[in-house]
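Here is the structure we will look at.
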Amino acid sequence: MSFLDRLIANPLGAIAVLALAALLEAWGDSFFHSGFYRASGIARVFALLGGAVVLAAYGAVVNIPRWDFGRLIGAYVVLFFLMAQLIARLRFGQSPSPAIYAGGALITAGGLVIAFWK
């Protein structure tokens, strides 16, 4: 059994892989946001290229493990939402609004239902 197989067989390892994928997806999207709305000239080109590289890394991380992604999508959606809020705060100085908190609670509740309903 490979290291990756052992990692994702452990629920905490699977969550760690999903968290890394969510971080890469949100971070890659933030590069595109910066490239489209906050940069110009060569900085725009580098931001867009950086976004492409990071999103390619996301695609590899989320698809290398052979798991039933449909079963884990609930956890992934929750992790993506949390990572997106973290990046919005750290990279763009944006704080969540009450609507984001309310929607995030619904996302979290839905993710838990999808991930753990038997």
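Chain labels A, B, ... are given in the sequence in which chains occur in the structure tokens; within each chain residues are numbered consecutively from 1, and ligands are likewise numbered from 1 in the order shown.
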
TODO: Show which residues sit within 12 Å of A:Leu24, as number ranges by chain. Count only C-alpha atoms, and ignore same-chain residues fewer than 6 positions away.
DONE: A: 17-18, 30-31, 50-62, 79-80, 83-84, 87

Open item on the list: Show me, as a PyMOL selection string, the residues that have an atom within 9 Å of A:Arg71 when counting only C-alpha atoms, minus same-chain residues fewer than 4 positions from it.
Closed with: chain A and resi 67+75+114-116

- [ ] Rank A:Phe81, A:Phe92, A:Phe3, A:Tyr101 by their smallest atom-to-atom distance to A:Arg38, using only C-alpha atoms, and report the top residue only.
- [x] A:Phe92

Open item on the list: Rounded to one decimal, what separation in Å do you get between atom CA of A:Leu82 and atom CA of A:Asn63?
Closed with: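 Atom CA of A:Asn63 lies at a distance of 20.4 Å from atom CA of A:Leu82.
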
Open item on the list: Would you pick out the contacts of A:Gly111 at 8 Å or less, using only C-alpha atoms, so that residues sharing its chain but fewer than 2 positions from it are not included, and give the list as a VMD selection string?
Closed with: chain A and resid 73 to 78 107 to 109 113 to 115

TODO: Calculate how many Å separate atom CA of A:Ala47 from atom CA of A:Phe32, rounding to one decimal.
DONE: 6.4 Å

Task: Pick from A:Leu72, A:Ala26, A:Val45, A:Ser34 nearest to A:Pro11, counting only C-alpha atoms - done: A:Leu72

Nearby residues (only C-alpha atoms) at most 10 Å from A:Ala14, same-chain spacing under 6 positions excluded, as a PDB file with C-alpha atoms, in the first residue's frame:
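To be explicit, this is the file written out as part.pdb:
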ATOM      1  CA  LEU A   4      -1.040   8.105  -0.518  1.00  0.00           C
ATOM      2  CA  ASP A   5      -3.316   5.080  -0.109  1.00  0.00           C
ATOM      3  CA  ARG A   6      -2.492   4.904   3.617  1.00  0.00           C
ATOM      4  CA  LEU A   7      -3.011   8.661   3.967  1.00  0.00           C
ATOM      5  CA  ILE A   8      -6.479   8.753   2.441  1.00  0.00           C
ATOM      6  CA  LEU A  20      -5.094  21.156   0.741  1.00  0.00           C
ATOM      7  CA  PRO A  65      -6.496   9.742  -4.683  1.00  0.00           C
ATOM      8  CA  TRP A  67     -11.800   7.743  -3.485  1.00  0.00           C
ATOM      9  CA  LEU A  72     -16.621  13.297   0.331  1.00  0.00           C
ATOM     10  CA  ALA A  75     -16.670  17.844   3.422  1.00  0.00           C
TER      11      ALA A  75
END

Open item on the list: Just the number, please: distance in Å from atom CA of A:Ala22 to atom CA of A:Phe69, one decimal.
Closed with: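 Distance reported for this atom pair: 13.4 Å.
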
Open item on the list: Let's see if you can do this: from backbone DSSP, list all alpha helix (DSSP H) residues in stretch 58-90 of chain A, as an MDAnalysis selection string.
Closed with: chainID A and resid 58:63 69:90

Task: Test item: residues at most 9 Å from A:Pro96, only C-alpha atoms, excluding those fewer than 6 positions along its chain, as a list in words - done: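 Counting only C-alpha atoms, the residues come to Gln85, Ala88 and Arg89 of chain A.
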